[in-house]
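Student: Provided herewith: structure.pdb, PDB, C-alpha atoms.
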MODEL        1
ATOM      1  CA  MET A   1      38.488  78.487 136.610
ATOM      2  CA  SER A   2      39.974  75.925 138.920
ATOM      3  CA  ALA A   3      42.308  76.594 141.768
ATOM      4  CA  LEU A   4      45.135  74.991 139.820
ATOM      5  CA  GLU A   5      44.506  77.176 136.811
ATOM      6  CA  LYS A   6      44.299  80.204 139.073
ATOM      7  CA  MET A   7      47.597  79.220 140.634
ATOM      8  CA  GLN A   8      49.199  78.719 137.237
ATOM      9  CA  GLU A   9      47.886  82.072 136.064
ATOM     10  CA  LYS A  10      49.217  83.722 139.230
ATOM     11  CA  ILE A  11      52.633  82.087 138.746
ATOM     12  CA  LEU A  12      52.641  83.239 135.114
ATOM     13  CA  GLU A  13      51.656  86.778 136.091
ATOM     14  CA  ASP A  14      54.297  86.839 138.836
ATOM     15  CA  ALA A  15      56.886  85.444 136.410
ATOM     16  CA  LYS A  16      55.897  87.997 133.755
ATOM     17  CA  ALA A  17      56.018  90.812 136.314
ATOM     18  CA  ARG A  18      59.396  89.569 137.555
ATOM     19  CA  ALA A  19      60.655  89.249 133.973
ATOM     20  CA  ASP A  20      59.433  92.789 133.252
ATOM     21  CA  GLU A  21      61.218  93.987 136.404
ATOM     22  CA  ILE A  22      64.447  92.232 135.343
ATOM     23  CA  VAL A  23      64.166  93.575 131.789
ATOM     24  CA  ASN A  24      63.403  97.072 133.054
ATOM     25  CA  ALA A  25      66.313  96.905 135.547
ATOM     26  CA  ALA A  26      68.654  95.537 132.863
ATOM     27  CA  THR A  27      67.503  98.199 130.406
ATOM     28  CA  ALA A  28      68.020 100.925 133.005
ATOM     29  CA  GLU A  29      71.442  99.500 133.877
ATOM     30  CA  ALA A  30      72.334  99.229 130.187
ATOM     31  CA  GLN A  31      71.233 102.804 129.631
ATOM     32  CA  ALA A  32      73.240 103.943 132.664
ATOM     33  CA  ILE A  33      76.309 102.054 131.381
ATOM     34  CA  LEU A  34      75.758 103.471 127.906
ATOM     35  CA  ALA A  35      75.346 107.007 129.305
ATOM     36  CA  GLU A  36      78.511 106.534 131.390
ATOM     37  CA  ALA A  37      80.355 105.180 128.335
ATOM     38  CA  ARG A  38      79.149 108.142 126.254
ATOM     39  CA  ALA A  39      80.245 110.547 128.997
ATOM     40  CA  GLU A  40      83.663 108.806 129.223
ATOM     41  CA  ALA A  41      83.993 108.894 125.429
ATOM     42  CA  ALA A  42      83.060 112.596 125.405
ATOM     43  CA  ARG A  43      85.532 113.271 128.226
ATOM     44  CA  ARG A  44      88.299 111.402 126.379
ATOM     45  CA  ARG A  45      87.408 113.138 123.125
ATOM     46  CA  ASP A  46      87.557 116.512 124.889
ATOM     47  CA  GLU A  47      90.888 115.574 126.482
ATOM     48  CA  GLU A  48      92.259 114.433 123.109
ATOM     49  CA  LEU A  49      90.970 117.589 121.431
ATOM     50  CA  ALA A  50      92.498 119.720 124.193
ATOM     51  CA  ARG A  51      95.777 117.791 123.926
ATOM     52  CA  GLY A  52      95.641 118.077 120.135
ATOM     53  CA  LYS A  53      94.914 121.803 120.338
ATOM     54  CA  GLU A  54      97.681 122.273 122.894
ATOM     55  CA  LYS A  55     100.049 120.274 120.705
ATOM     56  CA  ALA A  56      98.994 122.244 117.614
ATOM     57  CA  ASP A  57      99.416 125.526 119.529
ATOM     58  CA  GLU A  58     102.839 124.425 120.749
ATOM     59  CA  GLU A  59     103.803 123.333 117.230
ATOM     60  CA  ARG A  60     102.555 126.666 115.858
ATOM     61  CA  ARG A  61     104.558 128.567 118.512
ATOM     62  CA  ARG A  62     107.639 126.491 117.782
ATOM     63  CA  THR A  63     107.271 126.986 114.024
ATOM     64  CA  LEU A  64     106.748 130.717 114.522
ATOM     65  CA  THR A  65     109.792 130.950 116.815
ATOM     66  CA  LEU A  66     111.932 129.043 114.302
ATOM     67  CA  ALA A  67     110.676 131.266 111.482
ATOM     68  CA  GLU A  68     111.477 134.383 113.531
ATOM     69  CA  LEU A  69     114.951 133.054 114.348
ATOM     70  CA  ASP A  70     115.546 132.224 110.696
ATOM     71  CA  ALA A  71     114.350 135.686 109.650
ATOM     72  CA  ARG A  72     116.668 137.298 112.236
ATOM     73  CA  ARG A  73     119.565 135.114 111.074
ATOM     74  CA  GLN A  74     118.915 136.088 107.443
ATOM     75  CA  LEU A  75     118.624 139.761 108.403
ATOM     76  CA  LEU A  76     121.921 139.578 110.312
ATOM     77  CA  ALA A  77     123.583 137.819 107.371
ATOM     78  CA  THR A  78     122.289 140.500 105.022
ATOM     79  CA  LYS A  79     123.491 143.248 107.357
ATOM     80  CA  ALA A  80     126.895 141.562 107.693
ATOM     81  CA  ALA A  81     127.129 141.271 103.893
ATOM     82  CA  LEU A  82     126.291 144.975 103.539
ATOM     83  CA  VAL A  83     128.897 145.924 106.151
ATOM     84  CA  ASP A  84     131.443 143.721 104.310
ATOM     85  CA  GLU A  85     130.493 145.470 101.094
ATOM     86  CA  VAL A  86     131.088 148.874 102.712
ATOM     87  CA  PHE A  87     134.538 147.791 103.893
ATOM     88  CA  GLN A  88     135.359 146.326 100.466
ATOM     89  CA  GLU A  89     134.327 149.609  98.884
ATOM     90  CA  ALA A  90     136.507 151.486 101.410
ATOM     91  CA  LEU A  91     139.433 149.234 100.479
ATOM     92  CA  LYS A  92     138.858 149.943  96.763
ATOM     93  CA  ARG A  93     138.719 153.674  97.410
ATOM     94  CA  LEU A  94     141.905 153.579  99.470
ATOM     95  CA  ALA A  95     143.627 151.605  96.704
ATOM     96  CA  SER A  96     142.539 154.197  94.138
ATOM     97  CA  LEU A  97     143.586 157.301  96.065
ATOM     98  CA  GLU A  98     144.794 160.177  93.930
ATOM     99  CA  PRO A  99     148.543 159.491  93.348
ATOM    100  CA  ALA A 100     149.906 162.558  95.159
ATOM    101  CA  ARG A 101     147.729 161.899  98.245
ATOM    102  CA  TYR A 102     148.631 158.201  98.208
ATOM    103  CA  ARG A 103     152.329 158.957  97.975
ATOM    104  CA  ALA A 104     152.119 161.510 100.809
ATOM    105  CA  TYR A 105     150.211 158.976 102.917
ATOM    106  CA  LEU A 106     152.850 156.268 102.297
ATOM    107  CA  LYS A 107     155.677 158.630 103.275
ATOM    108  CA  GLN A 108     153.977 159.835 106.450
ATOM    109  CA  ALA A 109     152.858 156.354 107.527
ATOM    110  CA  MET A 110     156.283 154.876 106.835
ATOM    111  CA  LEU A 111     158.064 157.611 108.808
ATOM    112  CA  GLU A 112     155.743 156.928 111.757
ATOM    113  CA  ALA A 113     156.229 153.147 111.543
ATOM    114  CA  VAL A 114     160.035 153.038 111.201
ATOM    115  CA  GLU A 115     161.790 151.838 114.350
ATOM    116  CA  SER A 116     165.409 150.999 113.538
ATOM    117  CA  GLY A 117     165.755 152.629 110.123
ATOM    118  CA  GLU A 118     167.070 149.348 108.716
ATOM    119  CA  GLU A 119     163.746 147.710 107.878
ATOM    120  CA  GLU A 120     162.902 146.024 104.622
ATOM    121  CA  VAL A 121     159.895 147.654 102.927
ATOM    122  CA  VAL A 122     157.449 145.328 101.204
ATOM    123  CA  MET A 123     155.080 147.050  98.797
ATOM    124  CA  SER A 124     152.198 145.898  96.610
ATOM    125  CA  ALA A 125     152.903 144.673  93.093
ATOM    126  CA  ARG A 126     151.342 147.893  91.760
ATOM    127  CA  ASP A 127     153.617 150.136  93.847
ATOM    128  CA  LEU A 128     156.834 148.096  93.790
ATOM    129  CA  ASP A 129     158.160 149.297  90.425
ATOM    130  CA  THR A 130     156.256 152.592  90.174
ATOM    131  CA  ILE A 131     156.450 154.734  93.319
ATOM    132  CA  GLY A 132     158.151 152.269  95.687
ATOM    133  CA  PRO A 133     161.786 153.223  95.025
ATOM    134  CA  GLU A 134     161.026 156.948  95.185
ATOM    135  CA  VAL A 135     158.976 156.727  98.410
ATOM    136  CA  VAL A 136     161.677 154.654 100.150
ATOM    137  CA  ALA A 137     164.350 157.133  98.992
ATOM    138  CA  GLU A 138     162.287 160.092 100.228
ATOM    139  CA  VAL A 139     161.668 158.418 103.614
ATOM    140  CA  ASN A 140     165.401 157.612 103.952
ATOM    141  CA  ALA A 141     166.210 161.270 103.160
ATOM    142  CA  GLU A 142     163.722 162.469 105.792
ATOM    143  CA  LEU A 143     165.098 159.992 108.361
ATOM    144  CA  ALA A 144     168.623 161.315 107.686
ATOM    145  CA  ARG A 145     167.356 164.905 108.058
ATOM    146  CA  GLN A 146     165.937 163.911 111.445
ATOM    147  CA  GLY A 147     169.295 162.419 112.445
ATOM    148  CA  ARG A 148     167.930 158.885 112.453
ATOM    149  CA  LYS A 149     169.378 155.815 110.762
ATOM    150  CA  ALA A 150     168.300 155.889 107.089
ATOM    151  CA  ALA A 151     168.909 152.428 105.666
ATOM    152  CA  LEU A 152     165.432 151.303 104.575
ATOM    153  CA  ARG A 153     165.583 148.950 101.602
ATOM    154  CA  LEU A 154     162.825 148.005  99.179
ATOM    155  CA  SER A 155     162.045 144.282  98.959
ATOM    156  CA  SER A 156     162.234 142.853  95.454
ATOM    157  CA  ALA A 157     159.228 140.593  96.170
ATOM    158  CA  PRO A 158     155.800 142.269  96.130
ATOM    159  CA  GLY A 159     153.297 141.709  98.915
ATOM    160  CA  GLY A 160     149.913 140.178  98.219
ATOM    161  CA  PHE A 161     147.907 143.257  99.151
ATOM    162  CA  SER A 162     146.330 146.164  97.295
ATOM    163  CA  GLY A 163     147.991 149.143  98.979
ATOM    164  CA  GLY A 164     150.055 150.313 101.883
ATOM    165  CA  PHE A 165     153.260 148.563 102.987
ATOM    166  CA  VAL A 166     154.863 146.131 105.426
ATOM    167  CA  LEU A 167     158.064 146.923 107.322
ATOM    168  CA  ARG A 168     160.190 143.916 108.281
ATOM    169  CA  THR A 169     163.200 143.710 110.518
ATOM    170  CA  GLY A 170     164.349 140.311 111.784
ATOM    171  CA  SER A 171     161.288 138.543 113.126
ATOM    172  CA  MET A 172     159.322 141.765 113.637
ATOM    173  CA  GLU A 173     156.814 143.071 111.164
ATOM    174  CA  VAL A 174     154.748 146.249 111.054
ATOM    175  CA  ASN A 175     151.757 145.696 108.811
ATOM    176  CA  SER A 176     150.503 149.006 107.432
ATOM    177  CA  THR A 177     148.616 147.568 104.476
ATOM    178  CA  PHE A 178     145.136 148.860 103.770
ATOM    179  CA  ASP A 179     143.780 145.382 104.509
ATOM    180  CA  ALA A 180     145.412 145.324 107.945
ATOM    181  CA  ILE A 181     144.407 148.906 108.768
ATOM    182  CA  LEU A 182     140.767 148.218 107.864
ATOM    183  CA  ALA A 183     140.847 144.941 109.798
ATOM    184  CA  ARG A 184     142.160 146.753 112.895
ATOM    185  CA  GLU A 185     139.606 149.529 112.557
ATOM    186  CA  ARG A 186     136.731 147.256 111.557
ATOM    187  CA  GLU A 187     135.717 146.347 115.094
ATOM    188  CA  ALA A 188     135.545 149.982 116.123
ATOM    189  CA  LEU A 189     133.888 151.103 112.906
ATOM    190  CA  VAL A 190     131.442 148.253 112.334
ATOM    191  CA  VAL A 191     128.939 149.598 114.892
ATOM    192  CA  GLU A 192     129.165 153.062 113.369
ATOM    193  CA  VAL A 193     128.836 151.718 109.808
ATOM    194  CA  ALA A 194     125.873 149.549 110.821
ATOM    195  CA  GLY A 195     124.266 152.586 112.468
ATOM    196  CA  VAL A 196     124.608 154.593 109.255
ATOM    197  CA  LEU A 197     123.337 151.719 107.095
ATOM    198  CA  PHE A 198     120.426 150.553 109.227
ATOM    199  CA  SER A 199     119.116 153.595 111.084
TER
ENDMDL
END
Kindly return the structure encoded in the file as structure tokens.

Tutor:
Amino acid sequence: MSALEKMQEKILEDAKARADEIVNAATAEAQAILAEARAEAARRRDEELARGKEKADEERRRTLTLAELDARRQLLATKAALVDEVFQEALKRLASLEPARYRAYLKQAMLEAVESGEEEVVMSARDLDTIGPEVVAEVNAELARQGRKAALRLSSAPGGFSGGFVLRTGSMEVNSTFDAILAREREALVVEVAGVLFS
């Protein structure tokens, strides 16, 4: 083989070796870049999964909290409805008191509520024409016996309530209807009623 051929062969070998070096270096670099890209992708995937899990956990907590609040709100509404029912039942029972007890109650309550002795007495439609005139007459008689002014007069217009009475004088009014009495007592009794119902 001639010197020229040997030189050409050497150049080709060197070129091939250099090409192999470049290819090997490029392959190694490509693999390093690919490994780095895979690692970055895995890191991002893990971050996204963690964020997604955190978001799902937060959403689950929020949904659970809202469900608990809704359940509490419904429970409170149910309890309030039951308490209302108890007070409605109390109002019905008061309105259906045995006549002699009811009449005695009206007399006693009216005597305690009278201030001037000249009040107008408003009674329910049920009581106005039945026991109203007699109760007012009996209270006036008792007031006179006590030496007080006895000029109560029965209103001809019935009140829009189920039982009890209203005393009016000028701009003053004493509301002794069952509705008003229960409303006044409700705040004090509601805790006790709830305790009986829900304990």

Student: Using all atoms listed in the file, tabulate the residues of range 75-105 of chain A lying at most 10 Å from any atom of range 150-162 of chain A, each with its closest atom pair and that distance in Å to one decimal, by chain and increasing residue number, as a tab-separated table.

Tutor:
residue	atom	partner	partner_atom	distance
A:Leu91	CA	A:Ser162	CA	8.2
A:Lys92	CA	A:Ser162	CA	8.4
A:Leu94	CA	A:Ser162	CA	8.9
A:Ala95	CA	A:Ser162	CA	6.1
A:Ser96	CA	A:Ser162	CA	9.4

Student: Any chance you could resolve the PyMOL selection byres ((chain A and resi 136) around 10) against this file and give the residues as a PyMOL selection string?

Tutor: chain A and resi 106-107+110-111+120-121+131-135+137-142+150-154

Student: Find the distance between CA of Asp129 in chain A and CA of Val166 in chain A and write it in Å to one decimal.

Tutor: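 Straight-line distance from CA of Asp129 in chain A to CA of Val166 in chain A works out to 15.7 Å.
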
Student: For Glu173 in chain A, which residue out of A:Ala125, A:Val23, A:Ala113, A:Ile11 is the nearest one, using only C-alpha atoms?

Tutor: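 Once distances to Glu173 in chain A are computed over only C-alpha atoms, the minimum belongs to A:Ala113.
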
Student: Between A:Thr177, A:Ser2, A:Thr169, A:Gln88, which residue has the minimum interatomic distance to Glu118 in chain A, considering all atoms listed in the file?

Tutor: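 So, comparing all the options, the nearest one is A:Thr169.
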
Student: Any idea what the distance is between CA of Asp70 in chain A and CA of Gly52 in chain A?

Tutor: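 These two atoms are separated by 26.2 Å.
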
Student: For CA of Leu143 in chain A and CA of Gln108 in chain A, quote the distance in Å rounded to one decimal.

Tutor: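 Taking CA of Leu143 in chain A as the start and CA of Gln108 in chain A as the end point, the length is 11.3 Å.
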
Student: Return the padded bounding box of range 15-32 of chain A as JSON: axis-aligned, built from all atoms listed in the file, 8 Å added on each side, with centre and edge lengths in Å to one decimal.

Tutor:
{"center_x": 64.6, "center_y": 94.7, "center_z": 133.6, "size_x": 33.3, "size_y": 34.5, "size_z": 23.9}

Student: For the PyMOL selection byres ((chain A and resi 90) around 12), applied here, can you spell out every residue it catches as a list of chain:residue names?

Tutor: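 Checked against the file, the PyMOL selection byres ((chain A and resi 90) around 12) matches A:Val83, A:Asp84, A:Glu85, A:Val86, A:Phe87, A:Gln88, A:Glu89, A:Leu91, A:Lys92, A:Arg93, A:Leu94, A:Ala95, A:Ser96, A:Leu97, A:Ser162, A:Gly163, A:Phe178, A:Asp179, A:Ile181, A:Leu182, A:Ala183, A:Glu185, A:Arg186, A:Leu189, A:Val193.
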